[in-house]
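See below for work.cif, which holds mmCIF, C-alpha atoms.
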data_target
loop_
_atom_site.group_PDB
_atom_site.id
_atom_site.type_symbol
_atom_site.label_atom_id
_atom_site.label_comp_id
_atom_site.auth_asym_id
_atom_site.auth_seq_id
_atom_site.Cartn_x
_atom_site.Cartn_y
_atom_site.Cartn_z
ATOM 1 C CA MET L 792 76.124 123.542 83.543
ATOM 2 C CA ILE L 793 74.620 126.959 82.823
ATOM 3 C CA VAL L 794 71.314 126.220 84.576
ATOM 4 C CA GLN L 795 73.262 124.765 87.472
ATOM 5 C CA GLU L 796 75.033 128.107 88.017
ATOM 6 C CA PHE L 797 71.687 129.883 88.191
ATOM 7 C CA HIS L 798 70.533 127.260 90.696
ATOM 8 C CA LYS L 799 73.677 127.789 92.767
ATOM 9 C CA PHE L 800 73.090 131.538 92.872
ATOM 10 C CA LEU L 801 69.425 131.130 93.797
ATOM 11 C CA ASP L 802 70.414 128.624 96.487
ATOM 12 C CA ASN L 803 73.103 130.959 97.918
ATOM 13 C CA GLU L 804 75.920 128.565 97.059
ATOM 14 C CA ILE L 805 77.580 131.432 95.220
ATOM 15 C CA ASN L 806 77.164 135.051 96.243
ATOM 16 C CA LEU L 807 76.268 138.015 94.053
ATOM 17 C CA SER L 808 79.864 139.009 93.307
ATOM 18 C CA GLN L 809 80.757 135.427 92.313
ATOM 19 C CA PHE L 810 77.672 135.332 90.104
ATOM 20 C CA GLU L 811 78.641 138.651 88.473
ATOM 21 C CA GLU L 812 82.158 137.364 87.849
ATOM 22 C CA TRP L 813 80.749 134.183 86.301
ATOM 23 C CA ILE L 814 78.539 136.263 83.971
ATOM 24 C CA TYR L 815 81.500 138.310 82.690
ATOM 25 C CA LYS L 816 83.747 135.261 82.240
ATOM 26 C CA ASN L 817 81.178 133.195 80.315
ATOM 27 C CA THR L 818 80.743 134.970 77.008
ATOM 28 C CA GLU L 819 79.194 131.787 75.525
ATOM 29 C CA LEU L 820 76.247 132.494 77.794
ATOM 30 C CA GLU L 821 75.007 134.927 75.140
ATOM 31 C CA ASN L 822 74.488 131.968 72.783
ATOM 32 C CA ILE L 823 72.633 129.923 75.408
ATOM 33 C CA ILE L 824 70.268 132.503 76.844
ATOM 34 C CA SER L 825 68.879 135.302 74.689
ATOM 35 C CA LYS L 826 71.031 138.272 73.716
ATOM 36 C CA ASP L 827 68.659 140.564 75.584
ATOM 37 C CA ASP L 828 68.892 138.499 78.761
ATOM 38 C CA TYR L 829 72.662 138.387 78.530
ATOM 39 C CA GLN L 830 72.767 142.134 77.909
ATOM 40 C CA PHE L 831 70.639 142.661 81.018
ATOM 41 C CA PHE L 832 73.251 140.854 83.123
ATOM 42 C CA LEU L 833 76.124 142.821 81.565
ATOM 43 C CA GLU L 834 74.465 146.205 82.102
ATOM 44 C CA PHE L 835 73.006 145.430 85.508
ATOM 45 C CA ASN L 836 74.188 147.486 88.512
ATOM 46 C CA TYR L 837 75.360 144.752 90.905
ATOM 47 C CA ASN L 838 76.144 147.331 93.595
ATOM 48 C CA LYS L 839 72.625 148.594 94.185
ATOM 49 C CA LYS L 840 70.869 147.653 97.404
ATOM 50 C CA SER L 841 68.202 145.447 95.797
ATOM 51 C CA ALA L 842 70.595 143.786 93.334
ATOM 52 C CA GLU L 843 70.279 140.236 94.668
ATOM 53 C CA VAL L 844 66.473 140.279 94.742
ATOM 54 C CA ASP L 845 66.304 141.958 91.333
ATOM 55 C CA ILE L 846 68.531 139.259 89.816
ATOM 56 C CA GLN L 847 66.501 136.487 91.476
ATOM 57 C CA ASN L 848 63.276 137.939 90.102
ATOM 58 C CA PHE L 849 64.810 138.346 86.645
ATOM 59 C CA ILE L 850 65.992 134.733 86.598
ATOM 60 C CA PHE L 851 62.550 133.449 87.597
ATOM 61 C CA LYS L 852 60.783 135.710 85.104
ATOM 62 C CA ASN L 853 63.057 135.086 82.122
ATOM 63 C CA LEU L 854 65.259 132.020 82.507
ATOM 64 C CA LEU L 855 63.834 129.320 84.724
ATOM 65 C CA SER L 856 60.613 128.732 86.569
ATOM 66 C CA GLU L 857 60.153 128.660 90.312
ATOM 67 C CA LYS L 858 58.773 125.151 89.901
ATOM 68 C CA GLU L 859 61.903 123.948 88.091
ATOM 69 C CA PHE L 860 64.121 125.480 90.762
ATOM 70 C CA SER L 861 62.035 124.103 93.633
ATOM 71 C CA HIS L 862 62.185 120.585 92.174
ATOM 72 C CA TRP L 863 65.961 120.871 91.820
ATOM 73 C CA LYS L 864 66.155 121.977 95.455
ATOM 74 C CA VAL L 865 63.882 119.155 96.654
ATOM 75 C CA ASN L 866 66.047 116.553 94.912
ATOM 76 C CA LYS L 867 69.109 118.076 96.561
ATOM 77 C CA LEU L 868 67.427 118.079 99.988
ATOM 78 C CA LEU L 869 66.306 114.470 99.663
ATOM 79 C CA GLU L 870 69.779 113.401 98.565
ATOM 80 C CA SER L 871 71.196 115.085 101.671
ATOM 81 C CA ILE L 872 69.124 112.891 104.003
ATOM 82 C CA LYS L 873 69.797 109.782 101.910
ATOM 83 C CA VAL L 874 66.195 108.678 101.518
ATOM 84 C CA GLU L 875 65.035 107.348 98.181
ATOM 85 C CA PHE L 876 61.399 108.036 97.463
ATOM 86 C CA PRO L 877 59.861 105.880 94.759
ATOM 87 C CA THR L 878 58.706 107.888 91.758
ATOM 88 C CA ASN L 879 55.378 106.094 91.770
ATOM 89 C CA ASN L 880 53.416 103.839 94.049
ATOM 90 C CA LEU L 881 54.663 105.393 97.284
ATOM 91 C CA PHE L 882 51.689 103.967 99.167
ATOM 92 C CA SER L 883 52.549 100.343 98.276
ATOM 93 C CA TYR L 884 56.266 100.906 98.775
ATOM 94 C CA ALA L 885 55.704 102.419 102.238
ATOM 95 C CA LYS L 886 53.442 99.540 103.228
ATOM 96 C CA GLN L 887 56.087 96.997 102.194
ATOM 97 C CA ASN L 888 59.022 98.995 103.636
ATOM 98 C CA PRO L 889 57.656 100.664 106.774
ATOM 99 C CA HIS L 890 61.099 101.755 108.052
ATOM 100 C CA PHE L 891 62.370 103.364 104.834
ATOM 101 C CA LEU L 892 62.075 106.933 106.185
ATOM 102 C CA GLY L 893 64.046 106.014 109.290
ATOM 103 C CA GLY L 894 62.822 108.901 111.438
ATOM 104 C CA LYS L 895 65.028 111.353 109.531
ATOM 105 C CA GLU L 896 64.494 115.083 109.603
ATOM 106 C CA LEU L 897 64.339 117.408 106.638
ATOM 107 C CA ARG L 898 65.031 121.060 107.443
ATOM 108 C CA PHE L 899 65.171 123.976 105.074
ATOM 109 C CA LYS L 900 64.068 127.587 104.778
ATOM 110 C CA ASN L 901 61.232 128.656 102.566
ATOM 111 C CA TYR L 902 62.753 130.473 99.598
ATOM 112 C CA TRP L 903 60.618 133.611 99.704
ATOM 113 C CA ASN L 904 59.648 134.208 103.327
ATOM 114 C CA LYS L 905 62.742 132.513 104.846
ATOM 115 C CA ARG L 906 60.569 130.695 107.399
ATOM 116 C CA LYS L 907 62.101 127.540 108.777
ATOM 117 C CA VAL L 908 60.415 124.366 107.538
ATOM 118 C CA GLU L 909 60.911 121.112 109.420
ATOM 119 C CA ILE L 910 59.603 117.739 108.371
ATOM 120 C CA PHE L 911 60.019 114.854 110.776
ATOM 121 C CA TRP L 912 59.671 111.559 108.921
ATOM 122 C CA ALA L 913 58.196 108.584 110.711
ATOM 123 C CA SER L 914 60.543 105.938 112.071
ATOM 124 C CA LYS L 915 57.940 103.412 111.023
ATOM 125 C CA ILE L 916 55.132 104.016 108.553
ATOM 126 C CA SER L 917 51.782 103.379 110.179
ATOM 127 C CA THR L 918 48.150 103.445 109.154
ATOM 128 C CA PHE L 919 46.567 106.870 109.543
ATOM 129 C CA ASN L 920 43.067 105.772 108.611
ATOM 130 C CA GLU L 921 41.680 102.994 106.445
ATOM 131 C CA LYS L 922 42.752 104.809 103.249
ATOM 132 C CA SER L 923 46.017 106.512 104.215
ATOM 133 C CA LEU L 924 49.471 105.967 105.681
ATOM 134 C CA TYR L 925 51.241 108.290 108.115
ATOM 135 C CA LEU L 926 54.603 109.529 106.753
ATOM 136 C CA GLY L 927 55.589 112.181 109.268
ATOM 137 C CA THR L 928 54.795 115.605 110.664
ATOM 138 C CA TYR L 929 55.213 119.197 109.639
ATOM 139 C CA GLU L 930 54.661 122.545 111.421
ATOM 140 C CA ASN L 931 55.833 121.536 114.887
ATOM 141 C CA SER L 932 54.050 118.172 114.740
ATOM 142 C CA TYR L 933 50.652 119.820 114.329
ATOM 143 C CA VAL L 934 50.190 118.761 110.698
ATOM 144 C CA HIS L 935 50.524 115.141 109.599
ATOM 145 C CA LEU L 936 51.810 114.218 106.173
ATOM 146 C CA ILE L 937 49.910 111.243 104.829
ATOM 147 C CA VAL L 938 49.767 109.384 101.523
ATOM 148 C CA ASN L 939 46.620 107.796 100.143
ATOM 149 C CA ARG L 940 46.285 104.841 97.768
ATOM 150 C CA ASN L 941 46.454 107.179 94.776
ATOM 151 C CA ASP L 942 49.849 108.432 96.008
ATOM 152 C CA GLU L 943 48.382 111.871 96.703
ATOM 153 C CA ILE L 944 49.921 113.666 99.642
ATOM 154 C CA TRP L 945 47.494 115.175 102.112
ATOM 155 C CA LEU L 946 47.913 117.294 105.164
ATOM 156 C CA ALA L 947 45.839 115.956 108.038
ATOM 157 C CA TYR L 948 44.970 117.954 111.118
ATOM 158 C CA ASP L 949 43.802 115.836 114.010
ATOM 159 C CA ILE L 950 42.680 118.732 116.147
ATOM 160 C CA VAL L 951 39.949 119.851 113.740
ATOM 161 C CA ASN L 952 39.623 116.414 112.168
ATOM 162 C CA LYS L 953 39.722 117.561 108.555
ATOM 163 C CA GLN L 954 41.932 116.934 105.556
ATOM 164 C CA ASP L 955 43.089 119.293 102.827
ATOM 165 C CA PHE L 956 44.489 118.122 99.504
ATOM 166 C CA TRP L 957 48.113 119.039 99.254
ATOM 167 C CA ALA L 958 49.929 117.621 96.228
ATOM 168 C CA GLU L 959 49.968 114.904 93.626
ATOM 169 C CA ASN L 960 53.132 113.370 95.075
ATOM 170 C CA LEU L 961 55.636 113.835 97.853
ATOM 171 C CA LYS L 962 58.250 115.775 95.893
ATOM 172 C CA GLU L 963 55.572 118.203 94.737
ATOM 173 C CA ALA L 964 54.391 118.664 98.335
ATOM 174 C CA ILE L 965 57.921 119.464 99.543
ATOM 175 C CA ALA L 966 58.495 121.772 96.562
ATOM 176 C CA LYS L 967 55.364 123.719 97.510
ATOM 177 C CA LEU L 968 56.606 124.077 101.091
ATOM 178 C CA PHE L 969 59.929 125.350 99.744
ATOM 179 C CA ILE L 970 58.650 127.900 97.224
ATOM 180 C CA ARG L 971 55.273 129.085 98.551
ATOM 181 C CA LYS L 972 54.994 132.826 99.063
ATOM 182 C CA TYR L 973 52.707 132.916 102.116
#
For this file, produce the structure as structure tokens.
Amino acid sequence: MIVQEFHKFLDNEINLSQFEEWIYKNTELENIISKDDYQFFLEFNYNKKSAEVDIQNFIFKNLLSEKEFSHWKVNKLLESIKVEFPTNNLFSYAKQNPHFLGGKELRFKNYWNKRKVEIFWASKISTFNEKSLYLGTYENSYVHLIVNRNDEIWLAYDIVNKQDFWAENLKEAIAKLFIRKY
């Protein structure tokens, strides 16, 4: 429950004043996070101009990692489009269930730079090359998301005909798109 409130604040489900109110109402928080961290929240000036960013940075530095938050957000995003991704063996699953992505779209803003990210999943999984399957596109259809037999996610650029390693699995790839700082 406590971590979930931090997630909600980071995800803008609750605003700064609601977060401040939650801090003051939850005195048991002192026993869950450190006394120093709790004291920081109690003494913090929530009215200063940079308050929201300062709190976000404090949470990431002291209470939960960006990676943990990004994985929570990815799970929430995937639940919203009602697509179940297998935890392992995505390549085999996609080959056996070529319509499982259903042409759905996944849209979100990058956490740090607020850039819009759009992933367009394939209506039907197809072969990208002899070792990979095409899952969808990213960056205005310029970049293809593919999975290889080792379930690694790659970005493939047909224009320059090269591939760059992206992530060990699909959730990790989406988490990197969500949290990257460039």
Tell me which residues the PyMOL selection byres ((chain L and resi 938) around 8) grabs here, as a PDB file with C-alpha atoms, in the coordinates of the input.
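Listing of out_34.pdb after writing:
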ATOM      1  CA  LEU L 881      54.663 105.393  97.284  1.00  0.00           C
ATOM      2  CA  PHE L 882      51.689 103.967  99.167  1.00  0.00           C
ATOM      3  CA  SER L 923      46.017 106.512 104.215  1.00  0.00           C
ATOM      4  CA  LEU L 924      49.471 105.967 105.681  1.00  0.00           C
ATOM      5  CA  TYR L 925      51.241 108.290 108.115  1.00  0.00           C
ATOM      6  CA  LEU L 926      54.603 109.529 106.753  1.00  0.00           C
ATOM      7  CA  LEU L 936      51.810 114.218 106.173  1.00  0.00           C
ATOM      8  CA  ILE L 937      49.910 111.243 104.829  1.00  0.00           C
ATOM      9  CA  ASN L 939      46.620 107.796 100.143  1.00  0.00           C
ATOM     10  CA  ARG L 940      46.285 104.841  97.768  1.00  0.00           C
ATOM     11  CA  ASN L 941      46.454 107.179  94.776  1.00  0.00           C
ATOM     12  CA  ASP L 942      49.849 108.432  96.008  1.00  0.00           C
ATOM     13  CA  GLU L 943      48.382 111.871  96.703  1.00  0.00           C
ATOM     14  CA  ILE L 944      49.921 113.666  99.642  1.00  0.00           C
ATOM     15  CA  TRP L 945      47.494 115.175 102.112  1.00  0.00           C
TER      16      TRP L 945
END
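Here CA of Leu854 in chain L and CA of Phe797 in chain L stand 8.8 Å from one another.
Among L:Gln830, L:Leu892, L:Ile910, L:Glu859, the residue with the shortest atom-to-atom distance to Phe876 in chain L, counting all atoms listed in the file, is L:Leu892.
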Exercise. List the residues matched by the PyMOL selection byres ((chain L and resi 898) around 6) in the displayed structure as a PyMOL selection string, ordered by chain and then by residue number.
Key: chain L and resi 897+899+908-909
Practice problem: Quote the spacing between CA of Tyr837 in chain L and CA of Leu855 in chain L in Å to one decimal place. | Solution: 20.2 Å
Residues near range 957-967 of chain L, cut-off 8 Å, all atoms listed in the file, skip fewer than 2 positions along chain, as a PDB file with C-alpha atoms, in the coordinates of the input:
ATOM      1  CA  LYS L 858      58.773 125.151  89.901  1.00  0.00           C
ATOM      2  CA  SER L 861      62.035 124.103  93.633  1.00  0.00           C
ATOM      3  CA  HIS L 862      62.185 120.585  92.174  1.00  0.00           C
ATOM      4  CA  LYS L 864      66.155 121.977  95.455  1.00  0.00           C
ATOM      5  CA  VAL L 865      63.882 119.155  96.654  1.00  0.00           C
ATOM      6  CA  ASN L 866      66.047 116.553  94.912  1.00  0.00           C
ATOM      7  CA  ASP L 942      49.849 108.432  96.008  1.00  0.00           C
ATOM      8  CA  GLU L 943      48.382 111.871  96.703  1.00  0.00           C
ATOM      9  CA  ILE L 944      49.921 113.666  99.642  1.00  0.00           C
ATOM     10  CA  TRP L 945      47.494 115.175 102.112  1.00  0.00           C
ATOM     11  CA  LEU L 946      47.913 117.294 105.164  1.00  0.00           C
ATOM     12  CA  ASP L 955      43.089 119.293 102.827  1.00  0.00           C
ATOM     13  CA  PHE L 969      59.929 125.350  99.744  1.00  0.00           C
ATOM     14  CA  ILE L 970      58.650 127.900  97.224  1.00  0.00           C
ATOM     15  CA  ARG L 971      55.273 129.085  98.551  1.00  0.00           C
TER      16      ARG L 971
END
Any chance you could work out the axis-aligned box around range 792-801 of chain L, listed atoms only, 3 Å on each side, giving centre and edge lengths in Å to one decimal, as JSON?
{"center_x": 72.8, "center_y": 127.5, "center_z": 88.3, "size_x": 12.7, "size_y": 14.0, "size_z": 17.0}
I'd like to see the residues matched by the PyMOL selection byres ((chain L and resi 928-930) around 7) on this file, and ideally I'd get them as a short mmCIF file (atom, residue, chain, number, x, y, z; two decimals) with C-alpha atoms, in the frame of the given file.
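To be explicit, this is the file written out as expr-v6.cif:
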data_model
loop_
_atom_site.label_atom_id
_atom_site.label_comp_id
_atom_site.auth_asym_id
_atom_site.auth_seq_id
_atom_site.Cartn_x
_atom_site.Cartn_y
_atom_site.Cartn_z
CA GLU L 909 60.91 121.11 109.42
CA ILE L 910 59.60 117.74 108.37
CA PHE L 911 60.02 114.85 110.78
CA TRP L 912 59.67 111.56 108.92
CA GLY L 927 55.59 112.18 109.27
CA ASN L 931 55.83 121.54 114.89
CA SER L 932 54.05 118.17 114.74
CA TYR L 933 50.65 119.82 114.33
CA VAL L 934 50.19 118.76 110.70
CA HIS L 935 50.52 115.14 109.60
CA LEU L 936 51.81 114.22 106.17
#
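Near (64.8, 130.6, 96.0), the residues inside the 10 Å limit, counting all atoms listed in the file, come to His798, Lys799, Phe800, Leu801, Asp802, Asn803, Val844, Gln847, Asn848, Phe851, Glu857, Phe860, Ser861, Lys864, Lys900, Asn901, Tyr902, Trp903, Asn904, Lys905, Phe969, Ile970 and Arg971 of chain L.
Straight-line separation from CA of Glu843 in chain L to CA of Ile793 in chain L: 18.3 Å.
With all atoms listed in the file as the basis for measurement, L:Trp863 is the residue among L:Phe849, L:Lys873, L:Ser856, L:Trp863 that approaches Gln795 in chain L most closely.
Closest approach to Glu812 in chain L among L:Tyr948, L:Phe832, L:Phe919, L:Tyr884 is made by L:Phe832 (distances from only C-alpha atoms).
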Self-check item: Test item: residues at most 7 Å from Ser914 in chain L, all atoms listed in the file, excluding those fewer than 4 positions along its chain, as a PyMOL selection string
Solution: chain L and resi 890+892-894
Write a file of the selected residues as a compact mmCIF listing (two decimals), in the frame of the given file, keeping C-alpha atoms.
# COMPACT_ATOMS: atom_id res chain seq x y z
CA HIS L 890 61.10 101.76 108.05
CA LEU L 892 62.08 106.93 106.18
CA GLY L 893 64.05 106.01 109.29
CA GLY L 894 62.82 108.90 111.44
Quiz item: Looking at L:Lys915, L:Lys922, L:Lys840, L:Lys867, which one is nearest to Asn888 in chain L, with distances taken over only C-alpha atoms?
Solution: L:Lys915
Fill-in result for range 883-907 of chain L, N, CA and C atoms as an mmCIF file, in the frame of the given file:
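Generated output (part-v6.cif):
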data_model
loop_
_atom_site.group_PDB
_atom_site.id
_atom_site.type_symbol
_atom_site.label_atom_id
_atom_site.label_comp_id
_atom_site.auth_asym_id
_atom_site.auth_seq_id
_atom_site.Cartn_x
_atom_site.Cartn_y
_atom_site.Cartn_z
ATOM 1 N N SER L 883 52.187 101.770 98.220
ATOM 2 C CA SER L 883 52.549 100.343 98.276
ATOM 3 C C SER L 883 53.964 100.152 98.805
ATOM 4 N N TYR L 884 54.881 101.010 98.334
ATOM 5 C CA TYR L 884 56.266 100.906 98.775
ATOM 6 C C TYR L 884 56.366 101.108 100.291
ATOM 7 N N ALA L 885 55.667 102.122 100.797
ATOM 8 C CA ALA L 885 55.704 102.419 102.238
ATOM 9 C C ALA L 885 55.098 101.288 103.052
ATOM 10 N N LYS L 886 54.056 100.676 102.523
ATOM 11 C CA LYS L 886 53.442 99.540 103.228
ATOM 12 C C LYS L 886 54.405 98.356 103.313
ATOM 13 N N GLN L 887 55.149 98.123 102.238
ATOM 14 C CA GLN L 887 56.087 96.997 102.194
ATOM 15 C C GLN L 887 57.401 97.299 102.905
ATOM 16 N N ASN L 888 57.760 98.574 103.017
ATOM 17 C CA ASN L 888 59.022 98.995 103.636
ATOM 18 C C ASN L 888 58.745 100.047 104.703
ATOM 19 N N PRO L 889 58.127 99.669 105.797
ATOM 20 C CA PRO L 889 57.656 100.664 106.774
ATOM 21 C C PRO L 889 58.762 101.463 107.468
ATOM 22 N N HIS L 890 60.000 101.039 107.381
ATOM 23 C CA HIS L 890 61.099 101.755 108.052
ATOM 24 C C HIS L 890 61.939 102.594 107.085
ATOM 25 N N PHE L 891 61.502 102.737 105.830
ATOM 26 C CA PHE L 891 62.370 103.364 104.834
ATOM 27 C C PHE L 891 62.655 104.846 105.120
ATOM 28 N N LEU L 892 61.825 105.520 105.853
ATOM 29 C CA LEU L 892 62.075 106.933 106.185
ATOM 30 C C LEU L 892 63.011 107.090 107.377
ATOM 31 N N GLY L 893 63.075 106.080 108.205
ATOM 32 C CA GLY L 893 64.046 106.014 109.290
ATOM 33 C C GLY L 893 64.009 107.133 110.307
ATOM 34 N N GLY L 894 62.904 107.836 110.446
ATOM 35 C CA GLY L 894 62.822 108.901 111.438
ATOM 36 C C GLY L 894 63.710 110.094 111.144
ATOM 37 N N LYS L 895 64.129 110.248 109.885
ATOM 38 C CA LYS L 895 65.028 111.353 109.531
ATOM 39 C C LYS L 895 64.286 112.686 109.562
ATOM 40 N N GLU L 896 65.057 113.736 109.583
ATOM 41 C CA GLU L 896 64.494 115.083 109.603
ATOM 42 C C GLU L 896 64.939 115.818 108.352
ATOM 43 N N LEU L 897 64.036 116.596 107.808
ATOM 44 C CA LEU L 897 64.339 117.408 106.638
ATOM 45 C C LEU L 897 64.078 118.857 107.028
ATOM 46 N N ARG L 898 65.137 119.656 107.038
ATOM 47 C CA ARG L 898 65.031 121.060 107.443
ATOM 48 C C ARG L 898 65.527 121.948 106.319
ATOM 49 N N PHE L 899 64.776 122.998 106.078
ATOM 50 C CA PHE L 899 65.171 123.976 105.074
ATOM 51 C C PHE L 899 64.396 125.255 105.331
ATOM 52 N N LYS L 900 64.796 126.323 104.661
ATOM 53 C CA LYS L 900 64.068 127.587 104.778
ATOM 54 C C LYS L 900 63.254 127.781 103.512
ATOM 55 N N ASN L 901 62.049 128.293 103.702
ATOM 56 C CA ASN L 901 61.232 128.656 102.566
ATOM 57 C C ASN L 901 61.990 129.703 101.759
ATOM 58 N N TYR L 902 61.958 129.583 100.444
ATOM 59 C CA TYR L 902 62.753 130.473 99.598
ATOM 60 C C TYR L 902 62.349 131.937 99.739
ATOM 61 N N TRP L 903 61.069 132.221 99.735
ATOM 62 C CA TRP L 903 60.618 133.611 99.704
ATOM 63 C C TRP L 903 60.489 134.242 101.088
ATOM 64 N N ASN L 904 59.863 133.559 102.028
ATOM 65 C CA ASN L 904 59.648 134.208 103.327
ATOM 66 C C ASN L 904 60.695 133.817 104.371
ATOM 67 N N LYS L 905 61.609 132.937 104.002
ATOM 68 C CA LYS L 905 62.742 132.513 104.846
ATOM 69 C C LYS L 905 62.318 131.830 106.137
ATOM 70 N N ARG L 906 61.042 131.423 106.216
ATOM 71 C CA ARG L 906 60.569 130.695 107.399
ATOM 72 C C ARG L 906 61.167 129.304 107.428
ATOM 73 N N LYS L 907 61.531 128.861 108.594
ATOM 74 C CA LYS L 907 62.101 127.540 108.777
ATOM 75 C C LYS L 907 61.014 126.484 108.576
#
